[in-house]
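Visitor: Pasting in a structure now, in C-alpha cells, and then I'll have a few things to ask.
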Amino acid sequence: MGDEWKIDIKIPDIGMMVTLMTTAICSVIMAAAEIAYTMMWITSSYERHGKDFFLDLLNAQALTWTAQYILVAGSLLLLSSMFFLLGSSFSLYELARLAKNMEKKVHVLIVFGFYVAGLVLLFMALISAIILRYL
C-alpha cells in the first residue's frame, strides 16, 4: 500500500555534472591564458632584443636575465597549461560517461589531481619569476 506513490526517477547526478563542467571550463580558461601570456613574453622579448634574442635562448652559456626568465617561468607555465588541458579533457570525458550511464563511478580525484598539479606549477612559475627578477 505504501509503494503506490513511489516514483523511480532516472536522472544523473546534477551536482557532479556541474562540478565536472565547471572544472573543465576553468581549466581551459586558465590554460589558454597561460599560453597567451607565455607567447606575449616571447614576443615582447623579441621586439625588445631583436633577432639575437633567440640565439641567446639557444646559447646556454651566456643567458641574460630575460632568457632565464623565459626559459624557467615560461616552461613552468606551459607545463602547467598542459596539466590544465589534460584535466579539462579528462573532466569532459568523465562528464560524457556520467551522462550515458548514471551508475558509473566518476574519477573525481584524477580530475582534481590534474587541476591541483596545474595550480602548483603555476605557483612555482610565479615564485620562480619573482626569484629570478629580484635576486
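Residues are named by chain letter and number: chains run A, B, ... in the order of the C-alpha cells, numbers start at 1 in each chain, and ligands are numbered from 1 in the order shown.
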Just want the 7 Å neighbourhood of Phe83 (chain A), counted on only C-alpha atoms, with same-chain residues fewer than 6 positions away dropped. Output as a VMD selection string.
Guide: chain A and resid 114 to 115 117 to 118
Visitor: With a distance cut-off of 10 Å and only C-alpha atoms, select the neighbouring residues of region 28-33 of chain A, excluding the residue or stretch itself and same-chain residues fewer than 5 positions from it, and output the selection as a PDB file with all heavy atoms, in the first residue's frame.
Guide:
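Resulting contents of selection-v7.pdb:
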```pdb
ATOM      1  N   THR A  22      32.258  22.790 -14.601  1.00  0.00           N
ATOM      2  CA  THR A  22      32.928  23.985 -14.096  1.00  0.00           C
ATOM      3  C   THR A  22      34.435  23.797 -14.071  1.00  0.00           C
ATOM      4  O   THR A  22      35.190  24.706 -14.446  1.00  0.00           O
ATOM      5  CB  THR A  22      32.409  24.321 -12.684  1.00  0.00           C
ATOM      6  OG1 THR A  22      30.992  24.449 -12.729  1.00  0.00           O
ATOM      7  CG2 THR A  22      33.026  25.591 -12.164  1.00  0.00           C
ATOM      8  N   THR A  23      34.887  22.627 -13.650  1.00  0.00           N
ATOM      9  CA  THR A  23      36.319  22.335 -13.632  1.00  0.00           C
ATOM     10  C   THR A  23      36.888  22.355 -15.044  1.00  0.00           C
ATOM     11  O   THR A  23      37.975  22.898 -15.276  1.00  0.00           O
ATOM     12  CB  THR A  23      36.577  20.972 -12.974  1.00  0.00           C
ATOM     13  OG1 THR A  23      35.996  20.959 -11.675  1.00  0.00           O
ATOM     14  CG2 THR A  23      38.049  20.691 -12.861  1.00  0.00           C
ATOM     15  N   THR A  38      52.573  33.422 -22.036  1.00  0.00           N
ATOM     16  CA  THR A  38      53.926  32.991 -22.401  1.00  0.00           C
ATOM     17  C   THR A  38      54.287  33.482 -23.796  1.00  0.00           C
ATOM     18  O   THR A  38      55.415  33.948 -24.022  1.00  0.00           O
ATOM     19  CB  THR A  38      54.029  31.452 -22.336  1.00  0.00           C
ATOM     20  OG1 THR A  38      53.637  31.026 -21.032  1.00  0.00           O
ATOM     21  CG2 THR A  38      55.427  30.987 -22.606  1.00  0.00           C
ATOM     22  N   MET A  39      53.361  33.400 -24.728  1.00  0.00           N
ATOM     23  CA  MET A  39      53.639  33.892 -26.071  1.00  0.00           C
ATOM     24  C   MET A  39      53.827  35.408 -26.079  1.00  0.00           C
ATOM     25  O   MET A  39      54.635  35.937 -26.842  1.00  0.00           O
ATOM     26  CB  MET A  39      52.514  33.492 -27.034  1.00  0.00           C
ATOM     27  CG  MET A  39      52.373  31.994 -27.212  1.00  0.00           C
ATOM     28  SD  MET A  39      53.927  31.132 -27.527  1.00  0.00           S
ATOM     29  CE  MET A  39      54.350  31.749 -29.110  1.00  0.00           C
ATOM     30  N   LEU A  77      55.048  27.542 -16.896  1.00  0.00           N
ATOM     31  CA  LEU A  77      53.698  27.935 -17.299  1.00  0.00           C
ATOM     32  C   LEU A  77      53.143  27.027 -18.386  1.00  0.00           C
ATOM     33  O   LEU A  77      51.964  26.655 -18.358  1.00  0.00           O
ATOM     34  CB  LEU A  77      53.695  29.379 -17.791  1.00  0.00           C
ATOM     35  CG  LEU A  77      53.540  30.452 -16.732  1.00  0.00           C
ATOM     36  CD1 LEU A  77      53.613  31.833 -17.353  1.00  0.00           C
ATOM     37  CD2 LEU A  77      52.261  30.285 -15.969  1.00  0.00           C
ATOM     38  N   LEU A  78      53.968  26.676 -19.347  1.00  0.00           N
ATOM     39  CA  LEU A  78      53.480  25.777 -20.401  1.00  0.00           C
ATOM     40  C   LEU A  78      53.191  24.379 -19.858  1.00  0.00           C
ATOM     41  O   LEU A  78      52.217  23.733 -20.268  1.00  0.00           O
ATOM     42  CB  LEU A  78      54.485  25.726 -21.547  1.00  0.00           C
ATOM     43  CG  LEU A  78      54.550  26.995 -22.392  1.00  0.00           C
ATOM     44  CD1 LEU A  78      55.628  26.859 -23.464  1.00  0.00           C
ATOM     45  CD2 LEU A  78      53.214  27.292 -23.031  1.00  0.00           C
ATOM     46  N   LEU A  79      54.007  23.908 -18.920  1.00  0.00           N
ATOM     47  CA  LEU A  79      53.748  22.612 -18.294  1.00  0.00           C
ATOM     48  C   LEU A  79      52.460  22.672 -17.476  1.00  0.00           C
ATOM     49  O   LEU A  79      51.657  21.728 -17.493  1.00  0.00           O
ATOM     50  CB  LEU A  79      54.937  22.209 -17.420  1.00  0.00           C
ATOM     51  CG  LEU A  79      54.960  20.795 -16.892  1.00  0.00           C
ATOM     52  CD1 LEU A  79      54.989  19.794 -18.039  1.00  0.00           C
ATOM     53  CD2 LEU A  79      56.163  20.597 -15.998  1.00  0.00           C
ATOM     54  N   SER A  80      52.250  23.779 -16.792  1.00  0.00           N
ATOM     55  CA  SER A  80      51.015  23.971 -16.037  1.00  0.00           C
ATOM     56  C   SER A  80      49.801  23.975 -16.963  1.00  0.00           C
ATOM     57  O   SER A  80      48.765  23.382 -16.651  1.00  0.00           O
ATOM     58  CB  SER A  80      51.093  25.281 -15.254  1.00  0.00           C
ATOM     59  OG  SER A  80      49.870  25.585 -14.657  1.00  0.00           O
ATOM     60  N   SER A  81      49.936  24.644 -18.103  1.00  0.00           N
ATOM     61  CA  SER A  81      48.803  24.668 -19.039  1.00  0.00           C
ATOM     62  C   SER A  81      48.516  23.284 -19.606  1.00  0.00           C
ATOM     63  O   SER A  81      47.362  22.952 -19.866  1.00  0.00           O
ATOM     64  CB  SER A  81      49.056  25.668 -20.159  1.00  0.00           C
ATOM     65  OG  SER A  81      50.112  25.243 -20.979  1.00  0.00           O
ATOM     66  N   MET A  82      49.555  22.469 -19.780  1.00  0.00           N
ATOM     67  CA  MET A  82      49.324  21.088 -20.227  1.00  0.00           C
ATOM     68  C   MET A  82      48.526  20.302 -19.187  1.00  0.00           C
ATOM     69  O   MET A  82      47.619  19.533 -19.541  1.00  0.00           O
ATOM     70  CB  MET A  82      50.653  20.394 -20.497  1.00  0.00           C
ATOM     71  CG  MET A  82      51.332  20.829 -21.747  1.00  0.00           C
ATOM     72  SD  MET A  82      52.852  19.893 -21.946  1.00  0.00           S
ATOM     73  CE  MET A  82      53.778  21.007 -22.961  1.00  0.00           C
ATOM     74  N   PHE A  83      48.841  20.491 -17.912  1.00  0.00           N
ATOM     75  CA  PHE A  83      48.078  19.808 -16.865  1.00  0.00           C
ATOM     76  C   PHE A  83      46.634  20.309 -16.837  1.00  0.00           C
ATOM     77  O   PHE A  83      45.712  19.518 -16.652  1.00  0.00           O
ATOM     78  CB  PHE A  83      48.734  20.002 -15.498  1.00  0.00           C
ATOM     79  CG  PHE A  83      49.760  18.965 -15.180  1.00  0.00           C
ATOM     80  CD1 PHE A  83      51.101  19.249 -15.278  1.00  0.00           C
ATOM     81  CD2 PHE A  83      49.381  17.689 -14.795  1.00  0.00           C
ATOM     82  CE1 PHE A  83      52.048  18.303 -15.000  1.00  0.00           C
ATOM     83  CE2 PHE A  83      50.315  16.725 -14.514  1.00  0.00           C
ATOM     84  CZ  PHE A  83      51.658  17.033 -14.615  1.00  0.00           C
ATOM     85  N   PHE A  84      46.445  21.609 -17.022  1.00  0.00           N
ATOM     86  CA  PHE A  84      45.078  22.127 -17.059  1.00  0.00           C
ATOM     87  C   PHE A  84      44.306  21.564 -18.251  1.00  0.00           C
ATOM     88  O   PHE A  84      43.129  21.202 -18.132  1.00  0.00           O
ATOM     89  CB  PHE A  84      45.076  23.654 -17.114  1.00  0.00           C
ATOM     90  CG  PHE A  84      45.276  24.307 -15.780  1.00  0.00           C
ATOM     91  CD1 PHE A  84      46.258  25.265 -15.612  1.00  0.00           C
ATOM     92  CD2 PHE A  84      44.489  23.978 -14.695  1.00  0.00           C
ATOM     93  CE1 PHE A  84      46.448  25.883 -14.386  1.00  0.00           C
ATOM     94  CE2 PHE A  84      44.669  24.583 -13.464  1.00  0.00           C
ATOM     95  CZ  PHE A  84      45.648  25.537 -13.320  1.00  0.00           C
ATOM     96  N   LEU A  85      44.943  21.462 -19.409  1.00  0.00           N
ATOM     97  CA  LEU A  85      44.259  20.912 -20.579  1.00  0.00           C
ATOM     98  C   LEU A  85      43.979  19.420 -20.423  1.00  0.00           C
ATOM     99  O   LEU A  85      42.915  18.935 -20.845  1.00  0.00           O
ATOM    100  CB  LEU A  85      45.072  21.183 -21.839  1.00  0.00           C
ATOM    101  CG  LEU A  85      45.101  22.653 -22.288  1.00  0.00           C
ATOM    102  CD1 LEU A  85      46.035  22.836 -23.466  1.00  0.00           C
ATOM    103  CD2 LEU A  85      43.704  23.133 -22.630  1.00  0.00           C
ATOM    104  N   LEU A  86      44.908  18.681 -19.827  1.00  0.00           N
ATOM    105  CA  LEU A  86      44.646  17.270 -19.543  1.00  0.00           C
ATOM    106  C   LEU A  86      43.486  17.113 -18.567  1.00  0.00           C
ATOM    107  O   LEU A  86      42.628  16.239 -18.733  1.00  0.00           O
ATOM    108  CB  LEU A  86      45.899  16.594 -18.977  1.00  0.00           C
ATOM    109  CG  LEU A  86      46.983  16.207 -19.955  1.00  0.00           C
ATOM    110  CD1 LEU A  86      48.228  15.739 -19.211  1.00  0.00           C
ATOM    111  CD2 LEU A  86      46.492  15.122 -20.886  1.00  0.00           C
ATOM    112  N   GLY A  87      43.467  17.972 -17.559  1.00  0.00           N
ATOM    113  CA  GLY A  87      42.372  17.926 -16.583  1.00  0.00           C
ATOM    114  C   GLY A  87      41.031  18.247 -17.204  1.00  0.00           C
ATOM    115  O   GLY A  87      40.022  17.608 -16.896  1.00  0.00           O
ATOM    116  N   SER A  88      41.003  19.228 -18.095  1.00  0.00           N
ATOM    117  CA  SER A  88      39.731  19.564 -18.736  1.00  0.00           C
ATOM    118  C   SER A  88      39.276  18.455 -19.680  1.00  0.00           C
ATOM    119  O   SER A  88      38.089  18.146 -19.755  1.00  0.00           O
ATOM    120  CB  SER A  88      39.834  20.891 -19.481  1.00  0.00           C
ATOM    121  OG  SER A  88      40.702  20.770 -20.574  1.00  0.00           O
ATOM    122  N   SER A  89      40.221  17.850 -20.388  1.00  0.00           N
ATOM    123  CA  SER A  89      39.859  16.738 -21.280  1.00  0.00           C
ATOM    124  C   SER A  89      39.312  15.556 -20.494  1.00  0.00           C
ATOM    125  O   SER A  89      38.286  14.967 -20.866  1.00  0.00           O
ATOM    126  CB  SER A  89      41.072  16.299 -22.095  1.00  0.00           C
ATOM    127  OG  SER A  89      41.543  17.341 -22.879  1.00  0.00           O
ATOM    128  N   GLY A 118      48.285  21.563 -11.900  1.00  0.00           N
ATOM    129  CA  GLY A 118      48.393  22.781 -12.695  1.00  0.00           C
ATOM    130  C   GLY A 118      48.533  24.022 -11.827  1.00  0.00           C
ATOM    131  O   GLY A 118      49.333  24.908 -12.125  1.00  0.00           O
ATOM    132  N   LEU A 119      47.780  24.071 -10.727  1.00  0.00           N
ATOM    133  CA  LEU A 119      47.889  25.214  -9.823  1.00  0.00           C
ATOM    134  C   LEU A 119      49.245  25.264  -9.127  1.00  0.00           C
ATOM    135  O   LEU A 119      49.818  26.339  -8.944  1.00  0.00           O
ATOM    136  CB  LEU A 119      46.769  25.176  -8.779  1.00  0.00           C
ATOM    137  CG  LEU A 119      45.386  25.574  -9.254  1.00  0.00           C
ATOM    138  CD1 LEU A 119      44.379  25.426  -8.120  1.00  0.00           C
ATOM    139  CD2 LEU A 119      45.373  26.987  -9.769  1.00  0.00           C
ATOM    140  N   LEU A 122      51.732  26.507 -11.601  1.00  0.00           N
ATOM    141  CA  LEU A 122      51.519  27.937 -11.793  1.00  0.00           C
ATOM    142  C   LEU A 122      52.135  28.725 -10.644  1.00  0.00           C
ATOM    143  O   LEU A 122      52.798  29.742 -10.853  1.00  0.00           O
ATOM    144  CB  LEU A 122      50.025  28.231 -11.914  1.00  0.00           C
ATOM    145  CG  LEU A 122      49.603  29.695 -12.031  1.00  0.00           C
ATOM    146  CD1 LEU A 122      50.198  30.315 -13.297  1.00  0.00           C
ATOM    147  CD2 LEU A 122      48.102  29.802 -12.027  1.00  0.00           C
TER     148      LEU A 122
END
```
Visitor: Using only C-alpha atoms, pick whichever of A:Tyr46, A:Tyr37, A:Trp65, A:Tyr93 has the shortest atom-to-atom distance to Ile130 (chain A).
Guide: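 Counting only C-alpha atoms, the residue closest to Ile130 (chain A) is A:Trp65.
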Visitor: Considering only C-alpha atoms, state which residue in the set A:Ile70, A:Ile9, A:Leu98, A:Val18 is at the smallest distance from Ala129 (chain A).
Guide: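 Nearest to Ala129 (chain A): A:Ile70.
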Visitor: Considering only C-alpha atoms, can you say which of A:Glu103, A:Tyr69, A:Leu76, A:Ile7 comes closest to Tyr134 (chain A)?
Guide: A:Tyr69
Visitor: Give the answer as one residue: which of A:Thr19, A:Pro12, A:Lys6, A:Ile131 has the shortest atom-to-atom distance to Asn101 (chain A), using only C-alpha atoms?
Guide: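 Nearest to Asn101 (chain A): A:Pro12.
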Visitor: Please, what distance in Å, to one decimal, runs between CA of Val111 (chain A) and CA of Ser91 (chain A)?
Guide: 5.8 Å
Visitor: Using only C-alpha atoms, which protein or nucleic acid residues come within 9 Å of Leu92 (chain A)? Drop anything in the same chain fewer than 6 positions from it, and give the result as a PyMOL selection string.
Guide: chain A and resi 20-21+24
Visitor: Would you save the residues from that selection as an mmCIF file, in the first residue's frame, using C-alpha atoms?
Guide:
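Okay, this is what ended up in part_38.cif:
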```cif
data_model
loop_
_atom_site.group_PDB
_atom_site.id
_atom_site.type_symbol
_atom_site.label_atom_id
_atom_site.label_comp_id
_atom_site.auth_asym_id
_atom_site.auth_seq_id
_atom_site.Cartn_x
_atom_site.Cartn_y
_atom_site.Cartn_z
ATOM 1 C CA LEU A 20 32.892 18.475 -13.787
ATOM 2 C CA MET A 21 31.732 21.099 -16.277
ATOM 3 C CA ALA A 24 36.626 21.788 -17.377
#
```
Visitor: Quick one: of A:Ala125, A:Leu132, A:Gly74, A:Val108, who's nearest to Met40 (chain A), counting only C-alpha atoms?
Guide: A:Gly74
Visitor: Could you please determine the separation between CA of Leu57 (chain A) and CA of Leu121 (chain A) in Å, to one decimal place?
Guide: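 Separation of CA of Leu57 (chain A) and CA of Leu121 (chain A): 21.8 Å.
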